[in-house]
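Text of the file entry_3.txt, holding compact mmCIF, C-alpha atoms:
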```txt
# COMPACT_ATOMS: atom_id res chain seq x y z
CA MET A 6 0.73 -8.55 13.96
CA LYS A 7 -1.20 -5.29 13.84
CA TRP A 8 -1.37 -3.30 10.64
CA ASP A 9 -1.07 0.43 11.14
CA PHE A 10 -1.28 2.59 8.06
CA ALA A 11 -1.29 5.87 10.03
CA SER A 12 2.49 6.13 9.66
CA VAL A 13 2.07 5.83 5.89
CA PHE A 14 -0.69 8.45 5.73
CA ASP A 15 1.53 10.82 7.74
CA ASN A 16 3.95 10.65 4.83
CA THR A 17 1.48 11.33 2.05
CA ASP A 18 3.62 14.25 0.86
CA ALA A 19 6.62 11.99 0.36
CA LEU A 20 4.49 9.50 -1.59
CA LEU A 21 3.03 12.30 -3.72
CA ALA A 22 6.55 13.50 -4.54
CA GLY A 23 7.38 9.91 -5.44
CA ALA A 24 4.32 9.59 -7.65
CA ALA A 25 5.27 12.83 -9.42
CA GLY A 26 8.78 11.46 -9.98
CA THR A 27 7.42 8.16 -11.31
CA LEU A 28 5.04 9.96 -13.69
CA ARG A 29 7.76 12.33 -14.91
CA LEU A 30 10.13 9.46 -15.67
CA PHE A 31 7.29 7.48 -17.28
CA ALA A 32 6.31 10.41 -19.54
CA ILE A 33 9.90 11.06 -20.66
CA CYS A 34 10.58 7.39 -21.41
CA LEU A 35 7.24 6.89 -23.14
CA VAL A 36 7.76 9.80 -25.55
CA CYS A 37 11.49 9.22 -26.16
CA GLY A 38 11.24 5.43 -26.25
CA LEU A 39 8.29 5.18 -28.63
CA SER A 40 9.50 7.90 -31.03
CA LEU A 41 13.08 6.62 -31.16
CA GLY A 42 11.58 3.17 -31.60
CA LEU A 43 9.76 4.34 -34.74
CA VAL A 44 13.04 5.64 -36.20
CA VAL A 45 14.86 2.40 -35.37
CA GLY A 46 11.92 0.32 -36.62
CA LEU A 47 12.00 2.12 -39.97
CA GLY A 48 15.76 1.49 -40.04
CA ARG A 49 15.11 -2.23 -39.49
CA TYR A 50 12.66 -2.14 -42.39
CA ALA A 51 15.01 -0.22 -44.70
CA ARG A 52 16.68 -1.87 -47.69
CA SER A 53 19.93 0.08 -47.32
CA LYS A 54 22.38 -1.95 -45.26
CA TRP A 55 23.76 1.32 -43.79
CA LEU A 56 20.43 1.74 -42.05
CA TYR A 57 19.57 -1.91 -41.50
CA TRP A 58 22.70 -3.10 -39.68
CA PRO A 59 23.08 -0.31 -37.12
CA ALA A 60 19.36 -0.51 -36.34
CA THR A 61 19.57 -4.29 -35.98
CA ALA A 62 22.63 -4.11 -33.72
CA PHE A 63 20.86 -1.53 -31.55
CA VAL A 64 17.73 -3.67 -31.24
CA GLU A 65 19.64 -6.87 -30.46
CA PHE A 66 21.88 -5.23 -27.90
CA PHE A 67 19.17 -3.46 -25.94
CA ARG A 68 16.68 -6.32 -26.11
CA ASN A 69 19.23 -8.81 -24.83
CA THR A 70 20.66 -6.97 -21.84
CA PRO A 71 18.86 -6.27 -18.55
CA VAL A 72 17.56 -2.72 -18.12
CA LEU A 73 19.06 -2.43 -14.66
CA VAL A 74 22.51 -3.13 -16.10
CA GLN A 75 21.94 -0.40 -18.69
CA ILE A 76 20.82 2.12 -16.06
CA LEU A 77 23.85 1.40 -13.87
CA TRP A 78 26.11 1.62 -16.91
CA PHE A 79 24.75 5.05 -17.80
CA TYR A 80 25.01 6.18 -14.18
CA PHE A 81 28.44 4.84 -13.18
CA ALA A 82 30.31 4.16 -16.43
CA LEU A 83 29.21 6.75 -18.99
CA PRO A 84 30.19 9.87 -16.94
CA ILE A 85 33.81 8.73 -17.14
CA LEU A 86 33.72 9.21 -20.91
CA LEU A 87 31.84 12.52 -20.69
CA PRO A 88 32.98 15.92 -19.47
CA PHE A 89 29.85 16.29 -17.30
CA THR A 90 28.07 14.23 -14.64
CA ILE A 91 24.81 12.38 -15.19
CA ASN A 92 22.02 12.71 -12.65
CA PRO A 93 19.85 9.75 -11.62
CA LEU A 94 16.91 10.93 -13.75
CA ALA A 95 19.06 11.14 -16.90
CA ALA A 96 20.62 7.71 -16.29
CA ALA A 97 17.26 6.04 -15.68
CA ALA A 98 15.61 7.87 -18.60
CA LEU A 99 18.44 6.85 -20.96
CA GLY A 100 18.37 3.19 -19.93
CA ILE A 101 14.60 2.79 -20.01
CA SER A 102 14.09 4.87 -23.20
CA LEU A 103 16.72 3.01 -25.21
CA ASN A 104 15.41 -0.35 -23.98
CA SER A 105 11.83 0.62 -24.88
CA ALA A 106 12.99 1.95 -28.24
CA ALA A 107 14.49 -1.45 -29.05
CA PHE A 108 11.32 -3.32 -28.08
CA SER A 109 8.93 -0.90 -29.77
CA ALA A 110 11.08 -0.90 -32.93
CA GLU A 111 10.15 -4.56 -33.38
CA ILE A 112 6.48 -3.71 -32.85
CA TYR A 113 6.62 -0.99 -35.53
CA ARG A 114 8.48 -3.25 -37.94
CA GLY A 115 6.03 -6.09 -37.43
CA GLY A 116 3.08 -3.71 -37.85
CA ILE A 117 4.45 -2.18 -41.05
CA GLN A 118 5.29 -5.60 -42.51
CA SER A 119 1.78 -6.83 -41.78
CA ILE A 120 0.26 -4.28 -44.19
CA ASP A 121 -0.70 -5.80 -47.51
CA LYS A 122 1.67 -5.13 -50.44
CA GLY A 123 -1.27 -3.85 -52.46
CA GLN A 124 -1.46 -0.79 -50.23
CA TRP A 125 2.06 0.17 -51.32
CA ASP A 126 1.23 -0.44 -54.96
CA GLY A 127 -1.93 1.63 -54.67
CA ALA A 128 -0.06 4.52 -53.06
CA ARG A 129 2.59 4.38 -55.77
CA ALA A 130 -0.06 4.24 -58.50
CA ILE A 131 -1.53 7.57 -57.40
CA GLY A 132 1.95 9.10 -57.46
CA MET A 133 3.09 8.99 -53.84
CA GLY A 134 6.77 8.67 -52.93
CA TRP A 135 8.01 6.22 -50.27
CA GLY A 136 7.82 8.79 -47.45
CA GLN A 137 4.33 9.93 -48.41
CA ALA A 138 3.02 6.38 -48.75
CA MET A 139 4.50 5.45 -45.36
CA ARG A 140 3.07 8.51 -43.62
CA ARG A 141 -0.36 8.68 -45.22
CA ILE A 142 -1.24 5.10 -46.12
CA ILE A 143 0.87 2.52 -44.32
CA LEU A 144 1.46 3.94 -40.83
CA PRO A 145 -2.15 4.98 -40.11
CA GLN A 146 -3.30 1.41 -40.79
CA ALA A 147 -0.32 -0.21 -39.09
CA ILE A 148 -0.63 1.89 -35.92
CA LYS A 149 -4.12 0.51 -35.35
CA ARG A 150 -2.78 -3.05 -35.40
CA MET A 151 0.15 -2.13 -33.17
CA LEU A 152 -1.95 -0.38 -30.54
CA PRO A 153 -2.34 -3.30 -28.09
CA ALA A 154 1.39 -4.11 -28.25
CA LEU A 155 2.28 -0.45 -27.77
CA THR A 156 0.02 -0.06 -24.73
CA ASN A 157 1.65 -3.19 -23.30
CA ARG A 158 5.00 -1.47 -23.80
CA ALA A 159 3.70 1.59 -21.95
CA ILE A 160 2.74 -0.65 -19.02
CA GLU A 161 6.20 -2.21 -19.06
CA ILE A 162 7.78 1.26 -19.04
CA PHE A 163 5.69 2.20 -16.02
CA LYS A 164 6.86 -0.91 -14.20
CA MET A 165 10.49 -0.39 -15.23
CA SER A 166 10.45 3.11 -13.75
CA THR A 167 10.91 1.49 -10.31
CA LEU A 168 14.45 0.49 -11.34
CA ALA A 169 15.40 4.16 -11.07
CA SER A 170 15.35 3.66 -7.29
CA ALA A 171 18.62 1.73 -7.71
CA VAL A 172 20.33 5.03 -8.55
CA ALA A 173 18.36 6.87 -5.82
CA TYR A 174 16.01 8.76 -8.16
CA VAL A 175 13.00 10.00 -6.20
CA GLU A 176 10.11 7.85 -7.39
CA LEU A 177 7.41 5.82 -5.62
CA LEU A 178 9.49 2.82 -4.58
CA GLN A 179 12.37 5.02 -3.46
CA GLN A 180 9.95 6.99 -1.27
CA GLY A 181 8.52 3.74 0.07
CA LYS A 182 12.05 2.69 1.06
CA LEU A 183 12.53 6.04 2.77
CA ILE A 184 9.26 5.82 4.70
CA ALA A 185 9.97 2.23 5.71
CA SER A 186 13.42 3.08 7.06
CA LEU A 187 12.27 6.18 8.94
CA ASN A 188 9.17 4.66 10.53
CA PHE A 189 10.20 1.00 10.79
CA ASN A 190 7.00 0.01 8.98
CA PRO A 191 8.12 -1.96 5.91
CA ILE A 192 4.89 -3.95 5.82
CA GLU A 193 2.62 -0.92 5.52
CA ALA A 194 5.03 1.17 3.41
CA TYR A 195 5.69 -1.50 0.76
CA THR A 196 2.07 -2.64 0.74
CA ALA A 197 1.02 0.96 0.10
CA VAL A 198 3.51 1.28 -2.76
CA ALA A 199 2.33 -2.00 -4.30
CA VAL A 200 -1.31 -0.90 -4.03
CA ILE A 201 -0.55 2.48 -5.62
CA PHE A 202 1.13 0.78 -8.59
CA PHE A 203 -1.75 -1.64 -8.92
CA VAL A 204 -4.27 1.21 -8.87
CA PHE A 205 -2.34 3.08 -11.58
CA LEU A 206 -1.75 0.06 -13.79
CA TRP A 207 -4.83 -2.09 -13.45
CA PRO A 208 -7.09 0.23 -15.52
CA LEU A 209 -4.38 0.41 -18.19
CA VAL A 210 -4.13 -3.38 -18.33
CA GLN A 211 -7.90 -3.75 -18.58
CA PHE A 212 -7.94 -1.12 -21.33
CA THR A 213 -5.36 -3.17 -23.25
CA TYR A 214 -7.52 -6.30 -22.93
CA VAL A 215 -10.54 -4.39 -24.30
CA LEU A 216 -8.43 -2.99 -27.12
CA GLU A 217 -7.11 -6.45 -28.03
CA ARG A 218 -10.58 -7.91 -28.08
CA ARG A 219 -12.07 -5.06 -30.12
CA LEU A 220 -9.27 -5.00 -32.69
CA GLY A 221 -9.30 -8.78 -32.87
CA ARG A 222 -12.92 -8.57 -33.91
CA SER A 223 -12.52 -5.81 -36.52
CA GLU A 224 -9.49 -7.37 -38.26
CA MET B 90 42.49 14.05 -22.60
CA ALA B 91 41.39 10.66 -23.75
CA TYR B 92 40.42 8.09 -21.16
CA GLN B 93 42.86 5.21 -20.75
CA TRP B 94 40.93 1.99 -20.81
CA ASP B 95 42.39 -0.67 -18.55
CA PHE B 96 40.75 -4.05 -18.27
CA THR B 97 43.38 -5.73 -16.09
CA PRO B 98 41.55 -5.00 -12.77
CA VAL B 99 38.42 -6.60 -14.24
CA VAL B 100 40.31 -9.62 -15.56
CA ALA B 101 41.96 -10.02 -12.13
CA ASN B 102 38.46 -10.34 -10.64
CA ALA B 103 37.25 -12.88 -13.18
CA PRO B 104 36.58 -15.55 -10.51
CA LEU B 105 34.15 -13.18 -8.75
CA LEU B 106 32.35 -12.50 -12.02
CA ALA B 107 32.19 -16.22 -12.76
CA GLN B 108 30.69 -16.85 -9.31
CA GLY B 109 28.19 -14.03 -9.95
CA LEU B 110 27.19 -15.56 -13.27
CA VAL B 111 26.72 -18.96 -11.60
CA ASN B 112 24.49 -17.35 -8.97
CA THR B 113 22.48 -15.55 -11.66
CA LEU B 114 21.97 -18.83 -13.52
CA LYS B 115 21.05 -20.58 -10.26
CA ILE B 116 18.29 -18.09 -9.48
CA THR B 117 17.07 -18.19 -13.07
CA GLY B 118 17.00 -21.99 -13.14
CA VAL B 119 15.26 -22.52 -9.81
CA SER B 120 12.68 -19.76 -10.46
CA LEU B 121 12.05 -21.13 -13.93
CA GLY B 122 11.38 -24.64 -12.61
CA CYS B 123 9.11 -23.44 -9.80
CA GLY B 124 7.49 -20.86 -12.08
CA LEU B 125 6.53 -23.48 -14.67
CA VAL B 126 4.91 -25.75 -12.06
CA LEU B 127 3.10 -22.81 -10.45
CA GLY B 128 2.10 -21.47 -13.86
CA LEU B 129 0.48 -24.75 -14.86
CA ALA B 130 -1.32 -24.90 -11.52
CA PHE B 131 -2.54 -21.30 -11.84
CA ALA B 132 -3.70 -21.91 -15.42
CA LEU B 133 -5.64 -25.07 -14.53
CA MET B 134 -7.21 -23.25 -11.57
CA ARG B 135 -8.12 -20.28 -13.73
CA LEU B 136 -9.77 -22.52 -16.33
CA SER B 137 -11.65 -24.44 -13.66
CA PRO B 138 -15.44 -24.13 -13.49
CA ARG B 139 -15.23 -23.86 -9.67
CA PRO B 140 -15.22 -20.22 -8.52
CA TRP B 141 -13.19 -20.94 -5.35
CA LEU B 142 -10.33 -22.11 -7.57
CA ARG B 143 -10.81 -19.70 -10.44
CA LEU B 144 -11.07 -16.42 -8.52
CA PRO B 145 -7.97 -16.68 -6.28
CA ALA B 146 -5.87 -17.79 -9.25
CA GLY B 147 -7.17 -14.87 -11.30
CA PHE B 148 -6.36 -12.50 -8.44
CA VAL B 149 -2.76 -13.71 -8.00
CA ILE B 150 -2.15 -13.61 -11.77
CA GLU B 151 -3.51 -10.08 -12.12
CA VAL B 152 -1.61 -8.71 -9.11
CA PHE B 153 1.72 -10.20 -10.13
CA ARG B 154 1.33 -9.16 -13.76
CA THR B 155 0.37 -5.57 -12.98
CA THR B 156 2.82 -4.60 -10.23
CA PRO B 157 6.53 -3.94 -10.82
CA PRO B 158 8.77 -6.93 -10.01
CA LEU B 159 11.07 -4.76 -7.90
CA VAL B 160 8.14 -3.74 -5.67
CA GLN B 161 7.21 -7.43 -5.32
CA LEU B 162 10.77 -8.32 -4.40
CA PHE B 163 10.98 -5.58 -1.75
CA TRP B 164 7.63 -6.63 -0.34
CA VAL B 165 8.66 -10.26 -0.09
CA PHE B 166 12.09 -9.44 1.34
CA PHE B 167 11.18 -6.71 3.83
CA ALA B 168 7.48 -7.16 4.64
CA LEU B 169 6.67 -10.88 4.28
CA PRO B 170 9.17 -12.11 6.93
CA LEU B 171 7.53 -9.81 9.51
CA ILE B 172 4.03 -10.94 8.63
CA ALA B 173 4.83 -14.64 8.46
CA GLY B 174 7.37 -14.60 11.29
CA ILE B 175 10.02 -16.30 9.17
CA GLU B 176 13.47 -15.34 8.02
CA LEU B 177 14.19 -15.06 4.33
CA THR B 178 17.64 -14.88 2.83
CA PRO B 179 17.95 -12.66 -0.28
CA PHE B 180 18.21 -15.88 -2.30
CA MET B 181 14.95 -17.28 -0.89
CA ALA B 182 13.16 -13.95 -1.32
CA ALA B 183 14.26 -13.84 -4.95
CA ILE B 184 13.13 -17.43 -5.56
CA VAL B 185 9.71 -16.79 -3.98
CA THR B 186 9.17 -13.55 -5.90
CA PHE B 187 10.39 -14.66 -9.30
CA SER B 188 8.67 -18.06 -9.11
CA ILE B 189 5.26 -16.51 -8.43
CA GLN B 190 5.87 -13.67 -10.87
CA SER B 191 6.97 -15.88 -13.73
CA GLY B 192 4.25 -18.35 -12.70
CA ALA B 193 1.68 -15.61 -13.28
CA PHE B 194 3.04 -14.98 -16.77
CA PHE B 195 3.46 -18.69 -17.56
CA ALA B 196 -0.15 -19.24 -16.47
CA GLU B 197 -1.35 -16.97 -19.26
CA VAL B 198 0.85 -18.81 -21.75
CA PHE B 199 -0.54 -22.17 -20.61
CA ARG B 200 -4.07 -20.82 -20.76
CA ALA B 201 -3.64 -19.46 -24.29
CA GLY B 202 -2.09 -22.77 -25.34
CA ILE B 203 -4.83 -24.89 -23.82
CA GLN B 204 -7.56 -22.68 -25.28
CA SER B 205 -5.95 -22.83 -28.73
CA ILE B 206 -6.64 -26.57 -28.97
CA GLU B 207 -9.74 -27.26 -31.06
CA ARG B 208 -12.93 -28.33 -29.30
CA GLY B 209 -12.98 -31.52 -31.37
CA GLN B 210 -9.99 -32.83 -29.41
CA TRP B 211 -12.00 -32.58 -26.18
CA ASP B 212 -15.01 -34.23 -27.81
CA GLY B 213 -12.83 -37.01 -29.20
CA ALA B 214 -11.28 -37.66 -25.78
CA ARG B 215 -14.70 -37.75 -24.18
CA ALA B 216 -16.02 -40.07 -26.89
CA ILE B 217 -13.41 -42.71 -26.04
CA GLY B 218 -14.38 -42.45 -22.36
CA MET B 219 -11.80 -40.06 -20.89
CA ASN B 220 -12.79 -37.67 -18.13
CA HIS B 221 -11.66 -34.02 -17.93
CA ALA B 222 -8.36 -34.70 -16.12
CA GLN B 223 -7.41 -37.59 -18.41
CA ALA B 224 -8.24 -35.62 -21.53
CA MET B 225 -6.22 -32.65 -20.27
CA GLN B 226 -3.23 -34.77 -19.36
CA ARG B 227 -3.12 -37.13 -22.34
CA ILE B 228 -4.67 -35.22 -25.24
CA ILE B 229 -4.79 -31.47 -24.69
CA LEU B 230 -1.58 -30.59 -22.80
CA PRO B 231 0.84 -32.58 -25.00
CA GLN B 232 -0.43 -30.70 -28.06
CA ALA B 233 -0.70 -27.35 -26.30
CA ILE B 234 2.82 -27.44 -24.86
CA LYS B 235 4.39 -27.71 -28.29
CA ARG B 236 2.63 -24.53 -29.35
CA MET B 237 3.74 -22.74 -26.21
CA ILE B 238 7.48 -23.41 -26.53
CA PRO B 239 8.42 -20.07 -28.18
CA ALA B 240 6.44 -18.08 -25.62
CA PHE B 241 8.09 -20.07 -22.81
CA LEU B 242 11.55 -19.31 -24.10
CA GLU B 243 10.72 -15.64 -24.46
CA ARG B 244 9.46 -15.55 -20.87
CA SER B 245 12.57 -17.39 -19.65
CA ILE B 246 14.75 -14.72 -21.23
CA GLU B 247 12.67 -12.04 -19.52
CA LEU B 248 13.09 -13.93 -16.25
CA MET B 249 16.84 -14.00 -16.58
CA LYS B 250 16.90 -10.25 -17.15
CA THR B 251 14.60 -9.73 -14.18
CA THR B 252 16.95 -11.64 -11.86
CA THR B 253 19.33 -8.65 -11.93
CA LEU B 254 16.93 -7.04 -9.44
CA VAL B 255 18.29 -9.27 -6.65
CA ALA B 256 21.44 -7.14 -6.69
CA THR B 257 19.35 -4.46 -4.94
CA ILE B 258 18.81 -6.72 -1.92
CA ALA B 259 22.50 -7.67 -1.83
CA TYR B 260 22.42 -11.17 -3.31
CA ALA B 261 25.76 -11.81 -5.02
CA ASP B 262 24.56 -12.18 -8.60
CA LEU B 263 26.54 -10.99 -11.61
CA LEU B 264 25.34 -7.39 -11.37
CA PHE B 265 26.04 -7.22 -7.63
CA GLU B 266 29.59 -8.47 -8.20
CA ALA B 267 30.00 -5.82 -10.88
CA ASN B 268 29.08 -3.14 -8.38
CA GLU B 269 31.53 -4.57 -5.84
CA ILE B 270 34.37 -4.81 -8.30
CA SER B 271 33.81 -1.32 -9.69
CA GLN B 272 33.90 0.17 -6.19
CA LYS B 273 36.98 -1.82 -5.25
CA THR B 274 38.99 -1.11 -8.38
CA PHE B 275 37.62 2.37 -9.27
CA ARG B 276 37.05 1.04 -12.78
CA PRO B 277 33.25 1.34 -13.24
CA LEU B 278 33.49 1.89 -17.00
CA GLU B 279 35.40 -1.31 -17.72
CA THR B 280 33.54 -3.39 -15.13
CA PHE B 281 30.02 -2.44 -16.16
CA THR B 282 30.92 -2.71 -19.85
CA VAL B 283 32.27 -6.23 -19.38
CA VAL B 284 29.25 -7.27 -17.31
CA ALA B 285 26.82 -5.83 -19.86
CA LEU B 286 28.64 -7.83 -22.54
CA ILE B 287 28.49 -11.04 -20.47
CA TYR B 288 24.72 -10.63 -20.06
CA PHE B 289 24.39 -9.83 -23.74
CA VAL B 290 26.30 -12.91 -24.88
CA VAL B 291 24.40 -15.31 -22.61
CA ILE B 292 20.95 -13.89 -23.36
CA PHE B 293 21.62 -13.41 -27.07
CA VAL B 294 22.64 -17.06 -27.47
CA VAL B 295 19.42 -18.18 -25.77
CA SER B 296 17.41 -15.80 -27.99
CA LEU B 297 19.01 -17.19 -31.13
CA LEU B 298 18.22 -20.75 -30.04
CA ALA B 299 14.65 -19.70 -29.29
CA ARG B 300 14.25 -18.11 -32.72
CA GLN B 301 15.67 -21.17 -34.46
CA LEU B 302 13.28 -23.43 -32.57
CA GLU B 303 10.38 -21.17 -33.45
CA ARG B 304 11.34 -21.29 -37.13
CA ARG B 305 11.54 -25.07 -37.00
CA LEU B 306 8.12 -25.31 -35.38
CA ALA B 307 6.74 -22.97 -38.02
CA VAL B 308 8.16 -25.17 -40.80
CA SER B 309 6.48 -28.24 -39.34
CA GLY B 310 3.20 -26.31 -39.64
CA GLU B 311 2.67 -25.86 -35.91
CA ASN B 312 0.71 -22.91 -34.67
CA THR B 313 2.34 -21.04 -31.83
CA VAL B 314 0.74 -18.90 -29.19
CA HIS B 315 2.16 -15.81 -27.56
```
Conversion result in structure tokens:
Amino acid sequence: MKWDFASVFDNTDALLAGAAGTLRLFAICLVCGLSLGLVVGLGRYARSKWLYWPATAFVEFFRNTPVLVQILWFYFALPILLPFTINPLAAAALGISLNSAAFSAEIYRGGIQSIDKGQWDGARAIGMGWGQAMRRIILPQAIKRMLPALTNRAIEIFKMSTLASAVAYVELLQQGKLIASLNFNPIEAYTAVAVIFFVFLWPLVQFTYVLERRLGRSE
Amino acid sequence: MAYQWDFTPVVANAPLLAQGLVNTLKITGVSLGCGLVLGLAFALMRLSPRPWLRLPAGFVIEVFRTTPPLVQLFWVFFALPLIAGIELTPFMAAIVTFSIQSGAFFAEVFRAGIQSIERGQWDGARAIGMNHAQAMQRIILPQAIKRMIPAFLERSIELMKTTTLVATIAYADLLFEANEISQKTFRPLETFTVVALIYFVVIFVVSLLARQLERRLAVSGENTVH
């Protein structure tokens, strides 16, 4: 068995296009997932049952179904109900964003609940409304506690982006598949893809460890 | 023009879906069993004072935790057979990948559980003449495992969701059958909706059981680790 990475290096352009696709999908899902998650998380924390129940149903449904099933549903099933088609990027972005929203909603809710009741009382005492207290007093403190869990979510989103290859979206794994089938070099092609992911994600994971340790000390 | 929902083609293929669900549960069960054994082994290696045990275990855990499971599965299915000169069925490739992958995650759960046990327990075990292995087996692990149960259940649910990836290498799990049926009957909306609901019901029931167990452990004053 002789390893020959030349055939992979010849296809650097294809891998770069894949990396761009992975990063684009990651950025979309990170922004949409984490911001929608905040909305849903606040809904889960709300006292009104009109907010609480829909938010809870959303969280339970998306946390308890596999992301790949969601992506395929958005790609193959949803267009039948809509007057327009859905491209692979949209299907993958919808599936991964909604799934991440459900998971991050629970992080936000847990973070907000962990803030001492006295902080609310203090905010009220100086005349703040609920929205002001949440924005100026509660969230800034809660976000700090949630940071390690949220960076973990970001790492998960990055890993989930590979599922978009199932609907033929051009991302790193999809390009690896392409290179492997054109050059008959699955060993080198898939090893290269795995190494690229590791190189992207390892610093992020280490950063999360540092964050956890540092916050653990200051709390 | 409103779409006419029609579930009869899906219902007609119920036996295929049932077979798919059985295959999904089979992969989940086997990977879970192997993953737990591997996870304990990885954790004990990683906590070992010997570098030749600690470093390889740390390497495997880090690699399998920081690369996407689908990339791992493709590597094991397409690249490993060429390197090792063996043939792997999609089922075997899935078992190998998901066992090591969940093993890497279980290892961290085991490690957190073992490290959460107070030092005094080790000292006590030593004081009555136990060596490291005896203390681990008889004193530390039995206490640690109880604390780890919620994290184990959570990981098992993740594992079950991850098994859907085998559909991409043509193993006939529930998701793969869904794809087949939707292409055969031209009813993707109904098929994928039903399959999503089947996954939801199975996983939701397990989640509820996990939460109840966690609550019960919390009532009995047990710490849990995540």
Using all atoms listed in the file, can you tell me which of A:Ser170, A:Arg129, A:Val45, A:Ile142 comes closest to Ser109 of chain A?
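Smallest distance to Ser109 of chain A is found for A:Val45.
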Counting all atoms listed in the file, select every polymer residue within 12 Å of (0.2, 1.9, -6.3) as defined in the file's coordinates, and provide the selection as number ranges by chain.
A: 20-21, 23-24, 27-28, 163-164, 167, 176-178, 181, 194-208; B: 152, 155-157, 160-161
Compare A:Gly221, A:Pro191, A:Gly134, A:Gly38 by their minimum atom-to-atom distance to Ala98 of chain A, counting all atoms listed in the file, and give me the closest one.
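The shortest atom-to-atom distance to Ala98 of chain A comes from A:Gly38.
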Considering all atoms listed in the file, state which residue in the set B:Arg154, B:His221, B:Arg135, B:Arg304 is at the smallest distance from chain A.
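Closest candidate: B:Arg154.
Remark: for chain A, the closest of the candidate residues B:Ala91, B:Ala101, B:Ala307, B:Ala299 is B:Ala91 (distances computed over all atoms listed in the file).
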Show me, as JSON, numbers by chain, every residue of chain B with an atom at most 6 Å from chain A, counting all atoms listed in the file.
{"B": [156, 157, 164, 168, 250, 277, 278, 281, 288, 289, 292, 293]}
Figure out the distance between atom CA of Leu106 of chain B and atom CA of Ile270 of chain B, please, to one decimal in Å.
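Interatomic distance here is 8.8 Å.
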When you draw a straight line from atom CA of Glu303 of chain B to atom CA of Leu254 of chain B, how long is it in Å?
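A separation of 28.6 Å between them.
Take the candidates A:Ala11, A:Leu47, A:Leu99, A:Ala154 and check each one against Ile184 of chain A using only C-alpha atoms; the shortest distance goes to A:Ala11.
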For Phe199 of chain B, the closest of B:Gln223, B:Asn112, B:Gln232, B:Thr186 counting all atoms listed in the file is B:Gln232
Could you tell me how far atom CA of Leu35 of chain A sits from atom CA of Ala159 of chain A, in Å to one decimal place?
6.5 Å
Edge lengths and centre in Å to one decimal, as AutoDock Vina command-line options, is what I'm after for the box along x, y and z that holds all listed atoms of segment 267-280 of chain B once 6 Å is added on each side.
```
--center_x 34.0 --center_y -1.7 --center_z -11.5 --size_x 21.9 --size_y 20.2 --size_z 24.5
```
